[in-house]
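Chemist: One file is attached below, run04.cif, containing mmCIF, C-alpha atoms.
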```
data_entry
loop_
_atom_site.label_atom_id
_atom_site.label_comp_id
_atom_site.auth_asym_id
_atom_site.auth_seq_id
_atom_site.Cartn_x
_atom_site.Cartn_y
_atom_site.Cartn_z
CA MET B 36 -47.34 49.54 -24.73
CA LEU B 37 -50.21 51.60 -26.08
CA GLY B 38 -49.45 51.03 -29.76
CA VAL B 39 -49.11 54.72 -30.57
CA SER B 40 -46.57 56.59 -32.65
CA THR B 41 -43.29 57.71 -31.10
CA LYS B 42 -44.43 61.31 -31.27
CA ILE B 43 -47.59 60.69 -29.27
CA GLU B 44 -45.70 58.60 -26.80
CA GLU B 45 -43.14 61.38 -26.37
CA LEU B 46 -45.92 63.92 -25.88
CA LEU B 47 -47.53 61.80 -23.19
CA THR B 48 -44.15 61.15 -21.58
CA SER B 49 -43.59 64.89 -21.32
CA VAL B 50 -46.54 65.19 -18.92
CA SER B 51 -45.81 64.42 -15.30
CA ASP B 52 -47.65 64.13 -12.03
CA PRO B 53 -47.79 67.67 -10.57
CA GLU B 54 -47.02 66.33 -7.11
CA ILE B 55 -44.12 64.13 -8.23
CA PRO B 56 -42.70 66.13 -11.15
CA VAL B 57 -39.95 63.60 -11.96
CA LEU B 58 -42.45 60.87 -12.69
CA SER B 59 -43.91 60.86 -16.19
CA ILE B 60 -47.52 59.75 -16.44
CA MET B 61 -46.37 57.02 -18.83
CA ASP B 62 -44.04 55.57 -16.20
CA PHE B 63 -46.79 56.01 -13.65
CA GLY B 64 -48.99 53.61 -15.58
CA ILE B 65 -52.06 55.82 -15.48
CA VAL B 66 -52.46 56.21 -19.26
CA ARG B 67 -54.54 53.19 -20.22
CA LYS B 68 -55.62 53.66 -23.81
CA VAL B 69 -55.12 56.03 -26.73
CA GLU B 70 -57.43 56.00 -29.71
CA LEU B 71 -57.58 58.31 -32.67
CA VAL B 72 -61.18 59.03 -33.62
CA ASP B 73 -62.03 61.81 -36.12
CA ASN B 74 -58.69 63.55 -35.57
CA VAL B 75 -59.19 63.62 -31.83
CA TYR B 76 -56.99 61.57 -29.52
CA ARG B 77 -59.21 59.93 -26.96
CA ILE B 78 -57.06 59.21 -23.97
CA ASP B 79 -58.17 57.01 -21.09
CA ILE B 80 -56.48 57.76 -17.78
CA THR B 81 -57.12 56.06 -14.46
CA PRO B 82 -56.71 57.60 -10.99
CA THR B 83 -54.19 56.22 -8.52
CA TYR B 84 -56.45 56.94 -5.55
CA SER B 85 -60.16 57.81 -5.86
CA GLY B 86 -59.61 61.18 -4.25
CA CYS B 87 -56.38 62.04 -6.08
CA PRO B 88 -56.67 65.79 -6.74
CA ALA B 89 -53.94 65.61 -9.39
CA MET B 90 -56.13 63.87 -11.96
CA ASP B 91 -57.86 67.02 -13.22
CA THR B 92 -54.52 68.80 -13.58
CA ILE B 93 -52.99 65.83 -15.38
CA GLY B 94 -55.92 65.76 -17.79
CA ASP B 95 -55.54 69.49 -18.48
CA ASP B 96 -51.76 69.11 -18.90
CA ILE B 97 -52.23 66.40 -21.52
CA VAL B 98 -54.69 68.52 -23.49
CA THR B 99 -52.31 71.51 -23.33
CA ALA B 100 -49.32 69.40 -24.42
CA PHE B 101 -51.30 68.16 -27.43
CA GLU B 102 -52.56 71.64 -28.29
CA LYS B 103 -48.97 72.87 -28.51
CA GLU B 104 -48.49 70.42 -31.36
CA ASP B 105 -51.81 71.39 -32.94
CA LEU B 106 -53.37 68.12 -31.89
CA LYS B 107 -56.66 67.60 -30.15
CA ALA B 108 -56.99 65.36 -27.11
CA LYS B 109 -60.00 64.36 -25.11
CA ILE B 110 -59.58 62.89 -21.65
CA ASN B 111 -61.72 60.11 -20.32
CA LEU B 112 -61.39 58.99 -16.70
CA VAL B 113 -61.77 55.23 -16.31
CA LEU B 114 -62.01 53.33 -13.03
CA ALA B 115 -61.67 49.75 -14.21
CA PRO B 116 -59.37 47.94 -14.04
CA ALA B 117 -58.25 49.63 -10.86
CA TRP B 118 -54.72 51.04 -10.86
CA THR B 119 -52.04 49.18 -8.95
CA THR B 120 -48.48 50.17 -8.04
CA ASP B 121 -47.35 47.23 -10.23
CA TRP B 122 -48.04 49.45 -13.23
CA ILE B 123 -45.24 51.83 -12.31
CA THR B 124 -42.41 51.01 -14.74
CA GLU B 125 -38.82 50.20 -13.76
CA ARG B 126 -37.81 53.62 -15.07
CA GLY B 127 -40.56 55.15 -12.94
CA ARG B 128 -39.39 53.32 -9.82
CA LYS B 129 -35.87 54.56 -10.37
CA ALA B 130 -37.09 58.13 -10.90
CA LEU B 131 -39.00 57.92 -7.61
CA GLU B 132 -35.97 56.63 -5.71
CA ASP B 133 -33.69 59.30 -7.20
CA TYR B 134 -36.23 61.92 -6.21
CA GLY B 135 -36.16 60.71 -2.60
CA ILE B 136 -39.35 58.67 -2.51
CA ALA B 137 -38.88 54.99 -1.70
CA ALA B 138 -40.58 52.92 -4.41
CA PRO B 139 -43.44 50.59 -3.44
CA ARG B 140 -42.51 47.07 -2.39
CA ALA B 141 -44.52 43.85 -2.57
CA ALA B 142 -47.78 43.70 -0.62
CA GLU B 143 -46.41 41.50 2.22
CA VAL B 144 -43.31 43.65 2.65
CA ASP B 145 -45.49 46.75 2.64
CA LYS B 146 -47.77 45.43 5.34
CA ALA B 147 -44.92 44.31 7.58
CA ALA B 148 -43.20 47.68 7.20
CA LEU B 149 -46.36 49.68 7.83
CA LEU B 150 -47.18 47.65 10.90
CA GLY B 151 -43.65 48.19 12.16
CA GLU B 152 -42.83 44.47 12.06
CA ALA B 153 -39.83 44.60 9.77
CA ASN B 154 -37.14 46.94 8.58
CA THR B 155 -37.50 46.57 4.84
CA ILE B 156 -37.89 50.07 3.44
CA LYS B 157 -34.56 51.44 2.34
CA CYS B 158 -33.59 55.02 3.20
CA THR B 159 -33.44 57.02 -0.01
CA ASN B 160 -30.67 59.17 1.43
CA CYS B 161 -28.10 56.70 2.79
CA GLY B 162 -29.48 53.31 1.73
CA SER B 163 -29.77 51.96 5.26
CA LEU B 164 -32.54 49.45 6.04
CA ASN B 165 -32.61 50.64 9.62
CA THR B 166 -35.68 52.84 9.11
CA LYS B 167 -38.93 53.42 10.95
CA MET B 168 -42.36 54.51 9.91
CA VAL B 169 -43.36 57.90 11.26
CA SER B 170 -46.87 58.00 9.80
CA ARG B 171 -48.96 55.56 7.77
CA PHE B 172 -50.36 58.51 5.87
CA GLY B 173 -48.14 61.14 4.30
CA SER B 174 -48.15 64.36 2.33
CA THR B 175 -50.36 62.84 -0.41
CA ALA B 176 -52.81 59.93 -0.47
CA CYS B 177 -50.24 57.62 -2.05
CA LYS B 178 -47.42 58.04 0.46
CA ALA B 179 -46.41 57.10 4.00
CA LEU B 180 -43.76 58.95 5.99
CA PHE B 181 -40.58 57.19 7.10
CA GLN B 182 -37.43 58.19 8.88
CA CYS B 183 -33.96 56.68 8.77
CA ASN B 184 -32.55 55.63 12.15
CA ASP B 185 -28.97 55.97 10.88
CA CYS B 186 -28.82 59.26 8.98
CA HIS B 187 -32.02 60.57 10.62
CA GLU B 188 -33.37 61.94 7.32
CA PRO B 189 -37.14 61.73 6.90
CA PHE B 190 -38.38 60.39 3.55
CA ASP B 191 -41.56 59.39 1.76
CA TYR B 192 -42.48 55.84 0.90
CA PHE B 193 -44.84 55.23 -2.00
CA LYS B 194 -47.38 52.80 -0.55
CA CYS B 195 -48.00 49.53 -2.33
CA LEU B 196 -51.53 49.46 -3.72
CA LYS B 197 -52.96 46.22 -5.02
CA MET A 221 -88.35 53.50 -12.59
CA LEU A 222 -85.35 51.22 -12.53
CA GLN A 223 -83.05 54.16 -13.05
CA GLU A 224 -84.76 56.06 -10.27
CA LYS A 225 -84.08 53.22 -7.86
CA LEU A 226 -80.48 53.04 -8.94
CA TYR A 227 -80.15 56.80 -8.43
CA ASP A 228 -81.50 56.41 -4.91
CA TYR A 229 -79.17 53.53 -4.24
CA LEU A 230 -76.16 55.57 -5.35
CA LEU A 231 -77.19 58.23 -2.84
CA HIS A 232 -77.38 55.60 -0.10
CA LEU A 233 -73.84 54.54 -0.90
CA GLY A 234 -72.42 58.02 -1.36
CA ASP A 235 -74.09 59.88 1.51
CA ASN A 236 -72.54 57.79 4.30
CA SER A 237 -69.04 58.35 2.96
CA MET A 238 -69.71 62.01 2.24
CA ILE A 239 -71.04 62.95 5.68
CA LEU A 240 -68.31 60.96 7.41
CA GLY A 241 -65.77 62.65 5.12
CA GLN A 242 -67.18 66.02 6.14
CA ARG A 243 -66.92 65.13 9.84
CA LEU A 244 -63.30 64.08 9.36
CA GLY A 245 -62.61 67.24 7.39
CA GLU A 246 -63.61 69.26 10.48
CA LEU A 247 -60.51 67.83 12.14
CA CYS A 248 -58.12 69.26 9.56
CA GLY A 249 -55.49 71.09 11.61
CA HIS A 250 -57.06 69.86 14.86
CA GLY A 251 -55.87 66.26 15.06
CA PRO A 252 -54.34 65.28 18.41
CA GLU A 253 -50.97 64.82 16.72
CA LEU A 254 -49.57 65.37 13.24
CA GLU A 255 -49.77 61.72 12.21
CA THR A 256 -53.43 61.35 13.05
CA ASP A 257 -54.29 64.75 11.65
CA ILE A 258 -52.85 63.73 8.28
CA ALA A 259 -54.39 60.29 8.49
CA LEU A 260 -57.92 61.46 9.21
CA THR A 261 -57.88 64.06 6.46
CA ASN A 262 -56.38 61.52 4.04
CA ILE A 263 -59.22 59.15 4.86
CA SER A 264 -61.63 62.02 4.29
CA LEU A 265 -60.04 62.62 0.90
CA ASP A 266 -60.40 58.94 -0.03
CA LEU A 267 -64.05 59.02 0.98
CA PHE A 268 -64.80 62.16 -1.00
CA GLY A 269 -63.02 60.68 -4.02
CA GLN A 270 -65.25 57.63 -3.82
CA VAL A 271 -68.32 59.81 -3.38
CA ARG A 272 -67.43 61.68 -6.56
CA ASN A 273 -67.55 58.40 -8.45
CA TYR A 274 -70.98 57.51 -7.06
CA PHE A 275 -72.39 60.96 -7.68
CA GLN A 276 -71.00 61.26 -11.20
CA ALA A 277 -72.94 58.09 -11.96
CA ALA A 278 -76.00 59.52 -10.18
CA ALA A 279 -75.79 62.79 -12.12
CA GLN A 280 -75.65 60.85 -15.37
CA ILE A 281 -78.87 59.07 -14.46
CA LYS A 282 -80.54 62.29 -13.46
CA GLY A 283 -79.51 63.99 -16.69
CA GLY A 284 -80.25 67.63 -17.50
CA ASP A 285 -78.10 70.09 -15.57
CA ALA A 286 -77.30 67.62 -12.82
CA THR A 287 -73.64 67.34 -11.84
CA GLU A 288 -71.81 65.53 -9.06
CA ASP A 289 -71.85 68.83 -7.17
CA SER A 290 -75.56 69.43 -7.49
CA VAL A 291 -76.23 65.88 -6.35
CA ALA A 292 -73.95 66.39 -3.36
CA MET A 293 -74.94 69.91 -2.37
CA GLN A 294 -78.40 70.77 -3.56
CA ARG A 295 -80.64 68.59 -1.49
CA TYR A 296 -82.75 69.19 1.61
CA GLU A 297 -81.88 67.53 4.86
CA HIS A 298 -84.51 64.80 4.62
CA GLU A 299 -83.22 63.84 1.20
CA TYR A 300 -79.84 62.70 2.54
CA LYS A 301 -79.67 58.97 3.13
CA ASN A 302 -76.72 58.60 5.48
CA THR A 303 -77.00 56.80 8.82
CA TYR A 304 -76.98 58.30 12.31
CA LEU A 305 -73.55 56.85 12.93
CA VAL A 306 -71.66 59.05 10.48
CA GLU A 307 -73.37 62.26 11.57
CA GLN A 308 -72.30 61.85 15.20
CA PRO A 309 -70.06 64.70 16.38
CA ASN A 310 -66.31 64.31 16.81
CA GLU A 311 -66.45 64.75 20.63
CA ASP A 312 -62.99 63.37 21.42
CA PHE A 313 -60.38 61.28 19.64
CA ALA A 314 -61.88 58.05 20.98
CA HIS A 315 -65.27 58.92 19.50
CA VAL A 316 -63.66 59.77 16.16
CA LEU A 317 -61.79 56.47 16.01
CA VAL A 318 -64.57 54.22 17.28
CA ARG A 319 -67.04 55.82 14.84
CA GLN A 320 -64.50 55.28 12.08
CA PHE A 321 -63.93 51.68 13.13
CA PHE A 322 -67.67 50.84 13.24
CA PHE A 323 -68.09 52.34 9.80
CA ASP A 324 -64.90 50.95 8.21
CA VAL A 325 -65.75 47.35 9.03
CA TYR A 326 -69.19 47.80 7.46
CA HIS A 327 -67.72 49.69 4.50
CA GLN A 328 -65.22 46.94 3.74
CA LEU A 329 -67.91 44.23 3.87
CA MET A 330 -70.17 46.31 1.68
CA LEU A 331 -67.54 46.97 -0.99
CA ASN A 332 -66.55 43.31 -1.03
CA GLU A 333 -70.13 42.50 -1.95
CA LEU A 334 -70.48 45.33 -4.44
CA MET A 335 -67.58 43.87 -6.41
CA ASN A 336 -70.10 41.18 -7.43
CA SER A 337 -72.87 43.61 -8.30
CA LYS A 338 -74.79 43.25 -11.54
CA ASN A 339 -74.14 46.93 -12.13
CA GLU A 340 -70.78 47.44 -13.85
CA THR A 341 -70.25 50.98 -12.58
CA LEU A 342 -70.66 49.81 -9.01
CA VAL A 343 -68.23 46.95 -9.61
CA ALA A 344 -65.61 49.38 -10.93
CA ILE A 345 -66.09 51.83 -8.05
CA ALA A 346 -66.01 49.03 -5.48
CA LYS A 347 -62.84 47.48 -6.89
CA LYS A 348 -61.16 50.84 -6.79
CA SER A 349 -62.41 51.83 -3.33
CA ILE A 350 -61.78 48.54 -1.54
CA LYS A 351 -58.01 49.01 -1.76
CA GLU A 352 -58.31 52.30 0.05
CA VAL A 353 -60.82 51.08 2.58
CA ASN A 354 -58.69 48.05 3.54
CA TYR A 355 -56.14 50.59 4.64
CA HIS A 356 -58.75 52.52 6.64
CA VAL A 357 -59.80 49.36 8.47
CA ASP A 358 -56.18 48.66 9.38
CA PHE A 359 -55.75 52.18 10.66
CA SER A 360 -58.90 52.41 12.77
CA SER A 361 -58.60 48.86 14.18
CA THR A 362 -55.00 49.51 15.20
CA TRP A 363 -56.03 52.67 16.99
CA VAL A 364 -59.03 51.08 18.71
CA LYS A 365 -56.66 48.45 20.09
CA ARG A 366 -54.13 51.06 21.07
CA LEU A 367 -56.70 53.16 22.93
CA GLY A 368 -58.59 50.27 24.49
CA ASP A 369 -55.50 48.43 25.62
CA GLY A 370 -53.62 51.63 26.45
CA THR A 371 -53.72 53.65 29.64
CA GLU A 372 -56.55 53.63 32.13
CA GLU A 373 -57.78 56.93 30.75
CA SER A 374 -57.63 55.97 27.08
CA HIS A 375 -59.43 52.72 27.90
CA GLU A 376 -62.19 54.55 29.70
CA LYS A 377 -62.63 57.04 26.88
CA ALA A 378 -62.68 54.31 24.26
CA GLN A 379 -65.22 52.30 26.23
CA THR A 380 -67.41 55.39 26.63
CA ALA A 381 -67.26 55.95 22.87
CA VAL A 382 -68.21 52.32 22.21
CA ASN A 383 -71.12 52.60 24.64
CA THR A 384 -72.33 55.82 23.02
CA LEU A 385 -71.92 54.88 19.37
CA TRP A 386 -72.89 51.22 19.27
CA ARG A 387 -76.60 52.09 19.26
CA TYR A 388 -76.17 53.61 15.80
CA SER A 389 -74.39 50.62 14.26
CA MET A 390 -77.30 48.38 13.35
CA GLU A 391 -78.97 50.99 11.20
CA LEU A 392 -76.27 50.22 8.64
CA PHE A 393 -77.81 46.77 8.24
CA LYS A 394 -81.48 47.68 8.25
CA ALA A 395 -82.47 47.79 4.60
CA THR A 396 -84.59 50.62 3.31
CA GLU A 397 -86.97 50.06 0.43
CA THR A 398 -84.25 51.02 -2.01
CA GLU A 399 -81.68 48.73 -0.42
CA SER A 400 -84.14 45.82 -0.49
CA TRP A 401 -84.71 46.52 -4.16
CA ALA A 402 -80.93 46.46 -4.71
CA ALA A 403 -80.63 43.11 -2.95
CA GLU A 404 -83.50 41.58 -4.90
CA SER A 405 -82.17 42.73 -8.24
CA GLY A 406 -78.57 41.76 -7.58
CA VAL A 407 -77.31 45.33 -7.62
CA GLY A 408 -76.30 45.32 -3.95
CA PRO A 409 -75.97 42.85 -1.08
CA ASP A 410 -78.60 41.61 1.32
CA LEU A 411 -77.61 43.73 4.32
CA ASN A 412 -79.10 41.34 6.81
CA GLN A 413 -76.69 38.66 5.72
CA LEU A 414 -73.69 40.86 6.40
CA LYS A 415 -74.67 41.44 10.01
CA SER A 416 -73.22 38.26 11.54
CA VAL A 417 -69.78 38.72 9.92
CA TYR A 418 -69.84 42.35 11.03
CA LEU A 419 -70.57 41.41 14.63
CA GLU A 420 -67.84 38.80 14.55
CA ARG A 421 -65.21 41.19 13.21
CA VAL A 422 -66.13 44.06 15.51
CA SER A 423 -66.24 41.80 18.58
CA SER A 424 -62.89 40.21 17.85
CA ILE A 425 -61.09 43.56 17.53
CA LEU A 426 -62.84 44.94 20.60
CA LYS A 427 -61.81 41.85 22.54
CA GLU A 428 -58.17 42.42 21.60
CA ALA A 429 -58.66 46.01 22.66
CA THR A 430 -60.02 44.81 26.05
CA LEU A 431 -63.25 46.66 25.26
CA SER A 432 -66.74 45.26 25.28
CA LEU A 433 -70.03 45.99 23.60
CA PRO A 434 -72.79 47.30 25.87
CA GLU A 435 -75.04 44.50 27.06
CA GLU A 436 -78.39 46.05 26.37
CA THR A 437 -78.74 48.43 23.48
CA VAL A 438 -81.76 50.18 22.11
CA PHE A 439 -80.71 50.59 18.50
CA GLN A 440 -81.60 53.78 16.69
CA TYR A 441 -83.05 53.74 13.20
CA GLY A 442 -84.40 56.40 10.89
CA ALA A 443 -81.67 58.61 9.45
CA LYS A 444 -81.47 56.54 6.26
CA THR A 445 -85.08 57.36 5.53
CA GLY A 446 -84.56 61.06 6.16
CA ARG A 447 -85.28 61.46 9.87
CA HIS A 448 -81.90 62.86 10.80
CA SER A 449 -80.62 63.89 14.21
CA GLU A 450 -80.11 67.50 15.19
CA ASN A 451 -76.46 67.12 14.14
CA MET A 452 -77.34 66.97 10.49
CA GLY A 453 -78.58 70.56 10.32
CA TYR A 454 -75.25 71.85 11.60
CA ILE A 455 -73.29 69.66 9.21
CA LEU A 456 -75.29 70.84 6.20
CA ALA A 457 -75.16 74.48 7.30
CA GLU A 458 -71.41 74.32 6.90
CA PHE A 459 -71.31 71.87 4.02
CA GLN A 460 -73.82 73.72 1.85
CA TYR A 461 -72.84 77.23 2.85
CA MET A 462 -71.19 78.25 -0.43
CA GLN A 463 -73.91 76.76 -2.61
CA ARG A 464 -76.62 78.49 -0.61
CA ALA A 465 -74.83 81.84 -0.56
CA TYR A 466 -73.79 81.66 -4.23
CA PRO A 467 -76.06 79.13 -6.00
CA ASN A 468 -74.31 77.07 -8.69
CA MET A 469 -70.94 78.63 -7.97
CA LYS A 470 -67.89 76.80 -9.25
CA TRP A 471 -64.19 76.93 -8.45
#
```
Take the structure I supplied and represent it as structure tokens, if you would.
Modeler:
Amino acid sequence: MLGVSTKIEELLTSVSDPEIPVLSIMDFGIVRKVELVDNVYRIDITPTYSGCPAMDTIGDDIVTAFEKEDLKAKINLVLAPAWTTDWITERGRKALEDYGIAAPRAAEVDKAALLGEANTIKCTNCGSLNTKMVSRFGSTACKALFQCNDCHEPFDYFKCLK
Amino acid sequence: MLQEKLYDYLLHLGDNSMILGQRLGELCGHGPELETDIALTNISLDLFGQVRNYFQAAAQIKGGDATEDSVAMQRYEHEYKNTYLVEQPNEDFAHVLVRQFFFDVYHQLMLNELMNSKNETLVAIAKKSIKEVNYHVDFSSTWVKRLGDGTEESHEKAQTAVNTLWRYSMELFKATETESWAAESGVGPDLNQLKSVYLERVSSILKEATLSLPEETVFQYGAKTGRHSENMGYILAEFQYMQRAYPNMKW
């Protein structure tokens, strides 16, 4: 996607969101551009939410990962175009689900679910659609808290952001 | 000159969100229930994130040693440009939610307009922030309806909060010199033109909530130009504590 060598792509893939360790930043869609200028990799990353405290850590993690390979990286935070959950890859969505976080659904589905109008968010534990929202805001800015009415397990839902 | 105006305008935009974010932060661990505790602090986090974007741009204009932190922390009270509304104390849950609701509706309208600004940085910040603020509006409107159309007691408390806070709402739409400059130069919206949509949206939610706006209101103006209420001193005492005790400290 970024037109970089396999090695660079692998390096970037090795960095993950500190709050969702199974999700690589590449699958998260927050790496927007990589450019090699004077032997320094200039890497544009974009925040998921304005206040996301993970961005600084992610930037540092990228620089450290590059340093291990004797490469230099410089991080640049870009705001436009604004990140959307559509940029999470299929592989990323699957990683989220396997980790126990329901992946974001389409905007209309999201709204109906968050307003308690429809049972559309699938329990990540038993797969039941008979779930309810416990809280519109969750443990991090990007998540809402749900609970399954069948197996009673609580789980996170990654909110759709468009 | 132009850059100075833009700097001032960025402070106008950032200060409202920052002081409201600080007020909401006071509730961390004190929300009436877990859900709302998390929600209010999450909203605070969103607001502070947006403020960082405004103040990074402001620090760039200022140049020298200026950073987002120095812009945020190292000013005197009269140099903050937030409105009276956001500095109002938390009082009770109804006050917190009604204050949030009055601000959110304005904030959403404002960001919608800023997406068409002639300033690219503002466009980028607005496009990013609007997604978060749409969520805030949903949250606070839902709660205003729930409180207003809830029990007798919740209705009474919500109505009291509306009566108390409404007088601070119109300051949001009274342009200062800087805001008039922004409107004239296409950097920001003409605030006066947003007022009718604001009134419409607020009234329609309040109606659903079986609440009403006070009939006669003497609106309060002045905080945006630096004449803050007594509340502001207390807010800054806490907010600036570390920077005053240990100037230029960093994490």
Chemist: How would you write, as a list in words, the residues chosen by the PyMOL selection byres ((chain A) within 6 of (chain B)) on this structure?
Modeler: Glu255, Ala259, Asn262, Leu265, Asp266, Gly269, Gln270, Ala344 and Lys348 of chain A
Chemist: Mind giving me the straight-line distance from CA of Thr256 in chain A to CA of Tyr461 in chain A in Å, one decimal?
Modeler: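 Separation between CA of Thr256 in chain A and CA of Tyr461 in chain A: 27.1 Å.
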Chemist: Write out as number ranges by chain each polymer residue whose atoms come within 8 Å of range 293-304 of chain A, counting only C-alpha atoms; drop sequence neighbours fewer than 5 positions from it.
Modeler: A: 231-232, 235-236, 239, 388, 391-392, 440-449, 452-453, 456, 459-460, 463
Chemist: Name the residues that the PyMOL selection byres ((chain B and resi 129-141) around 8) pulls out of this structure, and write them as a compact mmCIF listing (two decimals) with C-alpha atoms, in the coordinates of the input.
Modeler:
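What ended up in result19.txt:
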```txt
# COMPACT_ATOMS: atom_id res chain seq x y z
CA VAL B 57 -39.95 63.60 -11.96
CA LEU B 58 -42.45 60.87 -12.69
CA THR B 120 -48.48 50.17 -8.04
CA GLU B 125 -38.82 50.20 -13.76
CA ARG B 126 -37.81 53.62 -15.07
CA GLY B 127 -40.56 55.15 -12.94
CA ARG B 128 -39.39 53.32 -9.82
CA ALA B 142 -47.78 43.70 -0.62
CA GLU B 143 -46.41 41.50 2.22
CA VAL B 144 -43.31 43.65 2.65
CA ASP B 145 -45.49 46.75 2.64
CA ILE B 156 -37.89 50.07 3.44
CA LYS B 157 -34.56 51.44 2.34
CA CYS B 158 -33.59 55.02 3.20
CA THR B 159 -33.44 57.02 -0.01
CA ASN B 160 -30.67 59.17 1.43
CA PHE B 190 -38.38 60.39 3.55
CA ASP B 191 -41.56 59.39 1.76
CA TYR B 192 -42.48 55.84 0.90
CA PHE B 193 -44.84 55.23 -2.00
CA LYS B 194 -47.38 52.80 -0.55
CA CYS B 195 -48.00 49.53 -2.33
```
Chemist: So which residues touch Gly368 in chain A within 7 Å, counting all atoms listed in the file, skipping near sequence neighbours fewer than 4 positions away, as a PDB file with C-alpha atoms, in the frame of the given file?
Modeler:
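And here's out-v1.pdb as it stands now:
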```pdb
ATOM      1  CA  VAL A 364     -59.030  51.080  18.710  1.00  0.00           C
ATOM      2  CA  SER A 374     -57.630  55.970  27.080  1.00  0.00           C
ATOM      3  CA  HIS A 375     -59.430  52.720  27.900  1.00  0.00           C
ATOM      4  CA  ALA A 378     -62.680  54.310  24.260  1.00  0.00           C
ATOM      5  CA  ALA A 429     -58.660  46.010  22.660  1.00  0.00           C
ATOM      6  CA  THR A 430     -60.020  44.810  26.050  1.00  0.00           C
ATOM      7  CA  LEU A 431     -63.250  46.660  25.260  1.00  0.00           C
TER       8      LEU A 431
END
```
Chemist: Provide the CA of Thr261 in chain A to CA of Leu244 in chain A distance in Å, to one decimal place.
Modeler: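 Straight-line distance from CA of Thr261 in chain A to CA of Leu244 in chain A works out to 6.1 Å.
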Chemist: For the provided coordinates, the residues matched by the PyMOL selection byres ((chain B and resi 167) around 6) should be stated as a list in words.
Modeler: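 Expected selection for the PyMOL selection byres ((chain B and resi 167) around 6) here is Thr166, Met168, Phe181 and Gln182 of chain B.
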Chemist: What's around Cys161 in chain B at 9 Å? Count only C-alpha atoms, leave out sequence neighbours fewer than 5 positions away in its own chain, and write the answer as an mmCIF file with C-alpha atoms, in the coordinates of the input.
Modeler:
```
data_model
loop_
_atom_site.group_PDB
_atom_site.id
_atom_site.type_symbol
_atom_site.label_atom_id
_atom_site.label_comp_id
_atom_site.auth_asym_id
_atom_site.auth_seq_id
_atom_site.Cartn_x
_atom_site.Cartn_y
_atom_site.Cartn_z
ATOM 1 C CA CYS B 183 -33.960 56.680 8.770
ATOM 2 C CA ASP B 185 -28.970 55.970 10.880
ATOM 3 C CA CYS B 186 -28.820 59.260 8.980
ATOM 4 C CA GLU B 188 -33.370 61.940 7.320
#
```
Chemist: So that I can see what lies close to range 436-439 of chain A, please list as a count of residues only the residues with an atom at most 12 Å from it, counting only C-alpha atoms and leaving out residues fewer than 2 positions away in the same chain.
Modeler: 20
Chemist: How far is it from CA of Leu367 in chain A to CA of His187 in chain B, in Å with one decimal?
Modeler: 28.6 Å
Chemist: I need the residue nearest Leu71 in chain B from this list: B:Lys103, B:Pro189, B:Asp121, B:Ser40. Use all atoms listed in the file for the distance.
Modeler: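 Among B:Lys103, B:Pro189, B:Asp121, B:Ser40, it is B:Ser40 that comes nearest to Leu71 in chain B.
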Chemist: Please report as a tab-separated table every residue of range 330-386 of chain A lying within 12 Å of range 398-421 of chain A, along with the nearest atom pair and their distance in Å (one decimal), using all atoms listed in the file.
Modeler:
```
residue	atom	partner	partner_atom	distance
A:Met330	CA	A:Pro409	CA	7.3
A:Leu331	CA	A:Pro409	CA	9.4
A:Asn332	CA	A:Pro409	CA	9.4
A:Glu333	CA	A:Pro409	CA	5.9
A:Leu334	CA	A:Gly408	CA	5.8
A:Met335	CA	A:Gly408	CA	9.2
A:Asn336	CA	A:Gly408	CA	8.2
A:Ser337	CA	A:Val407	CA	4.8
A:Lys338	CA	A:Val407	CA	5.1
A:Asn339	CA	A:Val407	CA	5.7
A:Glu340	CA	A:Val407	CA	9.3
A:Thr341	CA	A:Val407	CA	10.3
A:Leu342	CA	A:Val407	CA	8.1
A:Val343	CA	A:Val407	CA	9.4
A:Ala346	CA	A:Gly408	CA	11.0
A:Val357	CA	A:Arg421	CA	10.9
A:Ser361	CA	A:Arg421	CA	10.2
A:Trp386	CA	A:Leu419	CA	11.1
```
Chemist: List every protein, DNA or RNA residue with an atom no more than 10 Å from (-64.2, 48.6, 8.1) in the file's coordinates, counting all atoms listed in the file, and format the result as a PyMOL selection string.
Modeler: chain A and resi 320-331+350+353-361+418+421-422
Chemist: I'd like the neighbourhood of Met90 in chain B as a list in words, where a residue qualifies if any of its atoms comes within 12 Å (using all atoms listed in the file), though same-chain residues fewer than 5 positions away should be ignored.
Modeler: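 These residues fall inside the cut-off: Val50, Ser51, Asp52, Pro53, Glu54, Ile60, Ile65, Val66, Asp79, Ile80, Thr81, Pro82, Thr83, Tyr84, Ser85, Asp95, Asp96, Ile97, Ile110, Asn111, Leu112 and Val113 of chain B; Gly269 of chain A.
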Chemist: A:Lys351, A:Ile258, A:Tyr274, A:Glu288: which is nearest Lys470 in chain A, counting all atoms listed in the file?
Modeler: A:Glu288
